[in-house]
file entry34.cif (mmCIF, C-alpha atoms)
data_coords
#
loop_
_atom_site.group_PDB
_atom_site.id
_atom_site.type_symbol
_atom_site.label_atom_id
_atom_site.label_comp_id
_atom_site.auth_asym_id
_atom_site.auth_seq_id
_atom_site.Cartn_x
_atom_site.Cartn_y
_atom_site.Cartn_z
ATOM 1 C CA MET I 1 54.890 12.630 27.785
ATOM 2 C CA ARG I 2 57.091 11.306 30.563
ATOM 3 C CA SER I 3 57.385 7.532 30.588
ATOM 4 C CA HIS I 4 56.105 7.165 34.179
ATOM 5 C CA LEU I 5 52.858 8.931 33.164
ATOM 6 C CA LEU I 6 52.368 6.962 29.949
ATOM 7 C CA PHE I 7 50.943 3.782 31.534
ATOM 8 C CA PRO I 8 48.343 5.588 33.765
ATOM 9 C CA ALA I 9 47.296 7.755 30.795
ATOM 10 C CA LEU I 10 46.852 4.700 28.563
ATOM 11 C CA LEU I 11 44.948 2.904 31.319
ATOM 12 C CA LEU I 12 42.584 5.856 31.754
ATOM 13 C CA ALA I 13 42.045 6.219 28.001
ATOM 14 C CA SER I 14 41.277 2.493 27.735
ATOM 15 C CA ALA I 15 38.807 2.637 30.607
ATOM 16 C CA VAL I 16 36.974 5.574 29.018
ATOM 17 C CA ALA I 17 36.878 3.872 25.633
ATOM 18 C CA LEU I 18 35.629 0.565 27.046
ATOM 19 C CA SER I 19 32.985 2.218 29.241
ATOM 20 C CA GLY I 20 31.138 3.665 26.275
ATOM 21 C CA CYS I 21 31.564 7.238 27.511
ATOM 22 C CA THR I 22 31.464 9.969 24.929
ATOM 23 C CA VAL I 23 32.819 13.476 24.932
ATOM 24 C CA LEU I 24 30.174 16.166 25.409
ATOM 25 C CA PRO I 25 29.965 18.870 22.744
ATOM 26 C CA GLU I 26 31.718 22.161 23.405
ATOM 27 C CA PRO I 27 29.667 24.832 25.207
ATOM 28 C CA GLY I 28 28.250 27.265 22.681
ATOM 29 C CA SER I 29 27.841 24.674 19.930
ATOM 30 C CA GLY I 30 24.294 23.920 18.809
ATOM 31 C CA ALA I 31 24.471 20.377 20.179
ATOM 32 C CA ALA I 32 25.543 21.552 23.640
ATOM 33 C CA ALA I 33 22.156 23.151 24.358
ATOM 34 C CA ASN I 34 20.435 19.758 24.120
ATOM 35 C CA ALA I 35 23.186 17.701 25.772
ATOM 36 C CA PRO I 36 22.452 15.985 29.088
ATOM 37 C CA GLY I 37 24.426 16.517 32.270
ATOM 38 C CA PRO I 38 26.991 19.114 33.254
ATOM 39 C CA ALA I 39 26.759 21.132 30.031
ATOM 40 C CA ASN I 40 23.406 22.507 31.261
ATOM 41 C CA GLY I 41 24.644 23.133 34.816
ATOM 42 C CA PRO I 42 25.223 26.866 34.309
ATOM 43 C CA VAL I 43 21.671 27.290 32.953
ATOM 44 C CA ALA I 44 20.188 25.538 35.990
ATOM 45 C CA LEU I 45 22.352 27.562 38.366
ATOM 46 C CA ALA I 46 21.342 30.823 36.692
ATOM 47 C CA SER I 47 17.669 29.839 37.146
ATOM 48 C CA VAL I 48 18.089 29.777 40.929
ATOM 49 C CA ASP I 49 18.153 33.575 41.013
ATOM 50 C CA GLY I 50 14.591 33.613 39.661
ATOM 51 C CA LEU I 51 13.143 31.427 42.427
ATOM 52 C CA ALA I 52 10.872 33.137 44.930
ATOM 53 C CA VAL I 53 11.875 32.829 48.576
ATOM 54 C CA LYS I 54 8.877 32.356 50.816
ATOM 55 C CA GLY I 55 8.392 32.207 54.555
ATOM 56 C CA ARG I 56 7.533 29.063 56.458
ATOM 57 C CA ALA I 57 4.151 27.509 55.955
ATOM 58 C CA PRO I 58 1.865 27.628 58.999
ATOM 59 C CA LYS I 59 1.761 24.724 61.447
ATOM 60 C CA THR I 60 -2.030 24.864 61.438
ATOM 61 C CA GLY I 61 -3.371 21.552 62.727
ATOM 62 C CA TYR I 62 0.063 20.164 63.650
ATOM 63 C CA ALA I 63 0.358 17.978 66.741
ATOM 64 C CA ARG I 64 2.962 15.288 67.410
ATOM 65 C CA GLU I 65 0.136 12.764 67.708
ATOM 66 C CA GLN I 66 -0.633 13.293 63.998
ATOM 67 C CA PHE I 67 2.449 11.073 63.433
ATOM 68 C CA GLY I 68 1.435 8.392 65.938
ATOM 69 C CA LYS I 69 2.026 8.065 69.667
ATOM 70 C CA GLY I 70 5.775 7.962 70.129
ATOM 71 C CA TRP I 71 8.074 5.328 68.664
ATOM 72 C CA LEU I 72 5.982 2.456 67.347
ATOM 73 C CA ASP I 73 6.811 -1.055 66.153
ATOM 74 C CA THR I 74 6.134 -0.541 62.465
ATOM 75 C CA ASP I 75 8.475 -3.288 61.186
ATOM 76 C CA GLY I 76 7.046 -6.185 63.205
ATOM 77 C CA SER I 77 10.267 -6.774 65.152
ATOM 78 C CA GLY I 78 8.446 -6.600 68.488
ATOM 79 C CA CYS I 79 10.460 -3.501 69.451
ATOM 80 C CA GLY I 80 9.643 0.176 68.987
ATOM 81 C CA THR I 81 11.591 2.186 66.444
ATOM 82 C CA ARG I 82 13.650 3.894 69.178
ATOM 83 C CA GLU I 83 14.929 0.519 70.374
ATOM 84 C CA ASP I 84 15.599 -0.567 66.787
ATOM 85 C CA ILE I 85 17.696 2.586 66.231
ATOM 86 C CA LEU I 86 19.638 2.071 69.465
ATOM 87 C CA LYS I 87 20.318 -1.562 68.479
ATOM 88 C CA ARG I 88 21.485 -0.382 65.060
ATOM 89 C CA ASP I 89 23.741 2.431 66.229
ATOM 90 C CA LEU I 90 25.193 1.278 69.561
ATOM 91 C CA ALA I 91 27.995 -1.178 70.200
ATOM 92 C CA ARG I 92 28.304 -3.450 73.259
ATOM 93 C CA THR I 93 24.578 -3.272 73.994
ATOM 94 C CA THR I 94 22.807 -4.929 76.897
ATOM 95 C CA PHE I 95 19.084 -5.639 76.771
ATOM 96 C CA LYS I 96 16.087 -6.239 78.999
ATOM 97 C CA ASP I 97 13.519 -8.675 77.596
ATOM 98 C CA GLY I 98 15.428 -8.832 74.297
ATOM 99 C CA CYS I 99 14.111 -5.450 73.248
ATOM 100 C CA LYS I 100 14.781 -2.596 75.651
ATOM 101 C CA VAL I 101 18.347 -1.338 75.269
ATOM 102 C CA LEU I 102 19.704 -0.843 78.796
ATOM 103 C CA SER I 103 23.203 0.275 77.831
ATOM 104 C CA GLY I 104 25.637 0.601 74.971
ATOM 105 C CA VAL I 105 28.234 2.820 73.374
ATOM 106 C CA LEU I 106 27.787 5.187 70.451
ATOM 107 C CA GLU I 107 31.310 5.143 69.056
ATOM 108 C CA LYS I 108 30.924 8.307 66.983
ATOM 109 C CA ASP I 109 28.052 10.714 67.601
ATOM 110 C CA PRO I 110 26.936 12.023 64.174
ATOM 111 C CA TYR I 111 26.722 15.596 65.487
ATOM 112 C CA THR I 112 29.843 15.929 67.644
ATOM 113 C CA GLY I 113 32.037 13.016 66.594
ATOM 114 C CA THR I 114 32.471 12.087 70.256
ATOM 115 C CA ARG I 115 31.980 8.734 71.963
ATOM 116 C CA ILE I 116 28.825 8.567 74.109
ATOM 117 C CA THR I 117 28.042 5.932 76.722
ATOM 118 C CA HIS I 118 24.331 5.184 76.911
ATOM 119 C CA GLU I 119 22.697 4.077 80.170
ATOM 120 C CA ARG I 120 18.911 3.959 80.097
ATOM 121 C CA GLY I 121 17.404 6.483 82.499
ATOM 122 C CA ARG I 122 20.747 8.124 83.389
ATOM 123 C CA THR I 123 22.789 9.316 80.474
ATOM 124 C CA GLY I 124 22.097 8.528 76.963
ATOM 125 C CA VAL I 125 21.756 8.917 73.317
ATOM 126 C CA ASP I 126 18.934 11.065 72.023
ATOM 127 C CA ILE I 127 17.164 9.861 68.916
ATOM 128 C CA ASP I 128 16.325 12.676 66.505
ATOM 129 C CA HIS I 129 14.336 12.820 63.317
ATOM 130 C CA ILE I 130 16.588 14.106 60.545
ATOM 131 C CA VAL I 131 13.568 16.042 59.314
ATOM 132 C CA ALA I 132 11.609 17.425 62.269
ATOM 133 C CA LEU I 133 8.015 16.236 62.216
ATOM 134 C CA SER I 134 6.684 19.796 62.457
ATOM 135 C CA ASP I 135 8.868 20.761 59.487
ATOM 136 C CA ALA I 136 7.550 17.798 57.507
ATOM 137 C CA TRP I 137 3.999 18.898 58.390
ATOM 138 C CA GLN I 138 4.673 22.388 57.053
ATOM 139 C CA LYS I 139 6.159 20.991 53.849
ATOM 140 C CA GLY I 140 3.317 18.681 52.931
ATOM 141 C CA ALA I 141 2.939 15.872 55.464
ATOM 142 C CA GLY I 142 -0.247 17.550 56.705
ATOM 143 C CA GLY I 143 -1.863 16.334 53.490
ATOM 144 C CA TRP I 144 -0.753 12.713 53.939
ATOM 145 C CA ASP I 145 -2.957 10.024 55.431
ATOM 146 C CA LYS I 146 -2.176 9.023 59.019
ATOM 147 C CA GLY I 147 -0.566 5.719 57.991
ATOM 148 C CA LYS I 148 1.965 7.500 55.810
ATOM 149 C CA ARG I 149 2.768 9.997 58.604
ATOM 150 C CA ILE I 150 3.294 7.139 61.097
ATOM 151 C CA ALA I 151 5.575 5.336 58.642
ATOM 152 C CA PHE I 152 7.549 8.563 58.100
ATOM 153 C CA ALA I 153 7.947 9.203 61.844
ATOM 154 C CA ASN I 154 9.223 5.652 62.393
ATOM 155 C CA ASP I 155 11.451 5.316 59.311
ATOM 156 C CA LEU I 156 14.837 3.973 60.465
ATOM 157 C CA MET I 157 16.590 5.854 57.652
ATOM 158 C CA LEU I 158 15.209 9.205 58.805
ATOM 159 C CA ALA I 159 16.361 9.045 62.409
ATOM 160 C CA VAL I 160 19.728 9.219 64.142
#

call {"tool": "encode", "arguments": {"input": "entry34.cif", "output": "structure tokens"}}
result
Amino acid sequence: MRSHLLFPALLLASAVALSGCTVLPEPGSGAAANAPGPANGPVALASVDGLAVKGRAPKTGYAREQFGKGWLDTDGSGCGTREDILKRDLARTTFKDGCKVLSGVLEKDPYTGTRITHERGRTGVDIDHIVALSDAWQKGAGGWDKGKRIAFANDLMLAV
């Protein structure tokens, strides 16, 4: 081994030894079938071919109001979730009454990567649910109680 590679190789070997990591058994050995992690990856991937592909579930009973009326103050901050998201994501914000975001700058739009200047009522930043509420309804939210649907619709981590 070349001398300039010896130190990094020793460092890596030491880190592996000190971390408690072990080498997984070779694929095809009896132990490999019961081993956790990547050794079973090919089996899981092969199982995908057996999954049934189904159409969309119906939107029977869906209405936006099933998730509450608009952006609500679910965290007790005194501001609706939309304002909380604008405060979180915009720089150089100006406010009315400490809550309504009048203006600000979104330095990097998550969809386009561009810089967007927000001016309330003129140009602005749209707030989107990462999972559309109608899609959530079709995938099980229709069976949730109203409180859980309202919490979902106003979750700061599920909106951009």

call {"tool": "resolve_selection", "arguments": {"input": "entry34.cif", "expression": "the PyMOL selection byres ((chain I and resi 62-66) around 9)", "output": "list in words"}}
result
Pro58, Lys59, Thr60, Gly61, Phe67, Gly68, Lys69, Gly70, Leu133, Ser134, Trp137, Gln138, Gly142, Lys146, Arg149 and Ile150 of chain I

call {"tool": "write_last_selection", "arguments": {"input": "entry34.cif", "atoms": "C-alpha atoms", "output": "PDB file, in the frame of the given file"}}
result
ATOM      1  CA  PRO I  58       1.865  27.628  58.999  1.00  0.00           C
ATOM      2  CA  LYS I  59       1.761  24.724  61.447  1.00  0.00           C
ATOM      3  CA  THR I  60      -2.030  24.864  61.438  1.00  0.00           C
ATOM      4  CA  GLY I  61      -3.371  21.552  62.727  1.00  0.00           C
ATOM      5  CA  PHE I  67       2.449  11.073  63.433  1.00  0.00           C
ATOM      6  CA  GLY I  68       1.435   8.392  65.938  1.00  0.00           C
ATOM      7  CA  LYS I  69       2.026   8.065  69.667  1.00  0.00           C
ATOM      8  CA  GLY I  70       5.775   7.962  70.129  1.00  0.00           C
ATOM      9  CA  LEU I 133       8.015  16.236  62.216  1.00  0.00           C
ATOM     10  CA  SER I 134       6.684  19.796  62.457  1.00  0.00           C
ATOM     11  CA  TRP I 137       3.999  18.898  58.390  1.00  0.00           C
ATOM     12  CA  GLN I 138       4.673  22.388  57.053  1.00  0.00           C
ATOM     13  CA  GLY I 142      -0.247  17.550  56.705  1.00  0.00           C
ATOM     14  CA  LYS I 146      -2.176   9.023  59.019  1.00  0.00           C
ATOM     15  CA  ARG I 149       2.768   9.997  58.604  1.00  0.00           C
ATOM     16  CA  ILE I 150       3.294   7.139  61.097  1.00  0.00           C
TER      17      ILE I 150
END

call {"tool": "atom_distance", "arguments": {"input": "entry34.cif", "atom1": "CA of Val125 (chain I)", "atom2": "CA of Asp155 (chain I)"}}
result
17.8 Å

call {"tool": "closest_residue", "arguments": {"input": "entry34.cif", "among": "I:Leu45, I:Val160, I:Leu51, I:Ala153", "to": "Asp135 (chain I)", "atoms": "only C-alpha atoms"}}
result
I:Ala153

call {"tool": "residues_around", "arguments": {"input": "entry34.cif", "residues": "Ser103 (chain I)", "least_positions_apart": "3", "cutoff": "8 Å", "atoms": "only C-alpha atoms", "output": "NGL selection string"}}
result
:I and (92-95 or 117-120)

call {"tool": "atom_distance", "arguments": {"input": "entry34.cif", "atom1": "CA of Ser77 (chain I)", "atom2": "CA of Lys100 (chain I)"}}
result
12.2 Å

call {"tool": "atom_distance", "arguments": {"input": "entry34.cif", "atom1": "CA of Glu83 (chain I)", "atom2": "CA of Cys99 (chain I)"}}
result
6.7 Å

call {"tool": "closest_residue", "arguments": {"input": "entry34.cif", "among": "I:Val48, I:Val131, I:Val43, I:Leu106", "to": "Ile85 (chain I)", "atoms": "all atoms listed in the file"}}
result
I:Leu106

call {"tool": "decode", "arguments": {"input": "entry34.cif", "residues": "region 39-112 of chain I", "atoms": "C-alpha atoms", "output": "PDB file, in the first residue's frame"}}
result
ATOM      1  CA  ALA I  39     -28.211  -8.041   2.860  1.00  0.00           C
ATOM      2  CA  ASN I  40     -32.010  -8.359   2.526  1.00  0.00           C
ATOM      3  CA  GLY I  41     -32.334  -5.390   0.150  1.00  0.00           C
ATOM      4  CA  PRO I  42     -32.555  -7.518  -3.004  1.00  0.00           C
ATOM      5  CA  VAL I  43     -35.365  -9.609  -1.465  1.00  0.00           C
ATOM      6  CA  ALA I  44     -37.360  -6.484  -0.599  1.00  0.00           C
ATOM      7  CA  LEU I  45     -36.773  -5.006  -4.048  1.00  0.00           C
ATOM      8  CA  ALA I  46     -37.884  -8.222  -5.743  1.00  0.00           C
ATOM      9  CA  SER I  47     -41.107  -8.117  -3.677  1.00  0.00           C
ATOM     10  CA  VAL I  48     -42.079  -4.789  -5.250  1.00  0.00           C
ATOM     11  CA  ASP I  49     -42.992  -6.553  -8.488  1.00  0.00           C
ATOM     12  CA  GLY I  50     -45.716  -8.454  -6.624  1.00  0.00           C
ATOM     13  CA  LEU I  51     -47.475  -5.342  -5.303  1.00  0.00           C
ATOM     14  CA  ALA I  52     -50.844  -4.519  -6.827  1.00  0.00           C
ATOM     15  CA  VAL I  53     -51.180  -1.067  -8.366  1.00  0.00           C
ATOM     16  CA  LYS I  54     -54.568   0.446  -7.678  1.00  0.00           C
ATOM     17  CA  GLY I  55     -56.315   3.592  -8.812  1.00  0.00           C
ATOM     18  CA  ARG I  56     -56.996   6.560  -6.582  1.00  0.00           C
ATOM     19  CA  ALA I  57     -59.471   6.190  -3.781  1.00  0.00           C
ATOM     20  CA  PRO I  58     -62.654   8.245  -4.176  1.00  0.00           C
ATOM     21  CA  LYS I  59     -62.912  11.714  -2.649  1.00  0.00           C
ATOM     22  CA  THR I  60     -66.352  10.855  -1.300  1.00  0.00           C
ATOM     23  CA  GLY I  61     -67.203  13.285   1.493  1.00  0.00           C
ATOM     24  CA  TYR I  62     -64.104  15.453   0.975  1.00  0.00           C
ATOM     25  CA  ALA I  63     -64.412  19.201   1.498  1.00  0.00           C
ATOM     26  CA  ARG I  64     -61.646  21.616   2.489  1.00  0.00           C
ATOM     27  CA  GLU I  65     -63.670  22.514   5.578  1.00  0.00           C
ATOM     28  CA  GLN I  66     -63.155  18.949   6.865  1.00  0.00           C
ATOM     29  CA  PHE I  67     -59.630  20.186   7.755  1.00  0.00           C
ATOM     30  CA  GLY I  68     -60.781  23.408   9.424  1.00  0.00           C
ATOM     31  CA  LYS I  69     -61.514  26.854   8.028  1.00  0.00           C
ATOM     32  CA  GLY I  70     -58.284  28.071   6.490  1.00  0.00           C
ATOM     33  CA  TRP I  71     -55.036  28.584   8.376  1.00  0.00           C
ATOM     34  CA  LEU I  72     -55.731  28.432  12.098  1.00  0.00           C
ATOM     35  CA  ASP I  73     -53.685  29.298  15.181  1.00  0.00           C
ATOM     36  CA  THR I  74     -53.091  25.777  16.437  1.00  0.00           C
ATOM     37  CA  ASP I  75     -49.845  26.512  18.330  1.00  0.00           C
ATOM     38  CA  GLY I  76     -51.141  29.341  20.528  1.00  0.00           C
ATOM     39  CA  SER I  77     -48.801  31.946  19.026  1.00  0.00           C
ATOM     40  CA  GLY I  78     -51.685  34.317  18.294  1.00  0.00           C
ATOM     41  CA  CYS I  79     -50.989  34.042  14.548  1.00  0.00           C
ATOM     42  CA  GLY I  80     -52.466  31.689  11.962  1.00  0.00           C
ATOM     43  CA  THR I  81     -50.295  28.955  10.509  1.00  0.00           C
ATOM     44  CA  ARG I  82     -49.853  30.869   7.228  1.00  0.00           C
ATOM     45  CA  GLU I  83     -48.299  33.791   9.100  1.00  0.00           C
ATOM     46  CA  ASP I  84     -46.133  31.413  11.137  1.00  0.00           C
ATOM     47  CA  ILE I  85     -44.827  29.841   7.902  1.00  0.00           C
ATOM     48  CA  LEU I  86     -44.120  33.237   6.334  1.00  0.00           C
ATOM     49  CA  LYS I  87     -42.253  34.309   9.496  1.00  0.00           C
ATOM     50  CA  ARG I  88     -40.263  31.073   9.379  1.00  0.00           C
ATOM     51  CA  ASP I  89     -39.353  31.162   5.701  1.00  0.00           C
ATOM     52  CA  LEU I  90     -38.963  34.852   4.819  1.00  0.00           C
ATOM     53  CA  ALA I  91     -36.066  37.168   5.549  1.00  0.00           C
ATOM     54  CA  ARG I  92     -36.330  40.934   6.150  1.00  0.00           C
ATOM     55  CA  THR I  93     -39.989  40.702   7.155  1.00  0.00           C
ATOM     56  CA  THR I  94     -42.218  43.607   8.104  1.00  0.00           C
ATOM     57  CA  PHE I  95     -45.345  43.077  10.183  1.00  0.00           C
ATOM     58  CA  LYS I  96     -48.695  44.641  10.981  1.00  0.00           C
ATOM     59  CA  ASP I  97     -49.895  44.105  14.555  1.00  0.00           C
ATOM     60  CA  GLY I  98     -46.950  41.775  15.225  1.00  0.00           C
ATOM     61  CA  CYS I  99     -48.592  38.967  13.305  1.00  0.00           C
ATOM     62  CA  LYS I 100     -49.564  39.756   9.727  1.00  0.00           C
ATOM     63  CA  VAL I 101     -46.531  39.556   7.445  1.00  0.00           C
ATOM     64  CA  LEU I 102     -46.706  42.589   5.144  1.00  0.00           C
ATOM     65  CA  SER I 103     -43.487  41.948   3.230  1.00  0.00           C
ATOM     66  CA  GLY I 104     -40.348  39.864   3.124  1.00  0.00           C
ATOM     67  CA  VAL I 105     -37.986  37.965   0.880  1.00  0.00           C
ATOM     68  CA  LEU I 106     -37.920  34.240   0.199  1.00  0.00           C
ATOM     69  CA  GLU I 107     -34.238  33.805  -0.583  1.00  0.00           C
ATOM     70  CA  LYS I 108     -34.621  30.426  -2.284  1.00  0.00           C
ATOM     71  CA  ASP I 109     -38.022  29.185  -3.431  1.00  0.00           C
ATOM     72  CA  PRO I 110     -38.113  25.409  -2.773  1.00  0.00           C
ATOM     73  CA  TYR I 111     -39.664  24.741  -6.191  1.00  0.00           C
ATOM     74  CA  THR I 112     -37.718  27.054  -8.508  1.00  0.00           C
TER      75      THR I 112
END
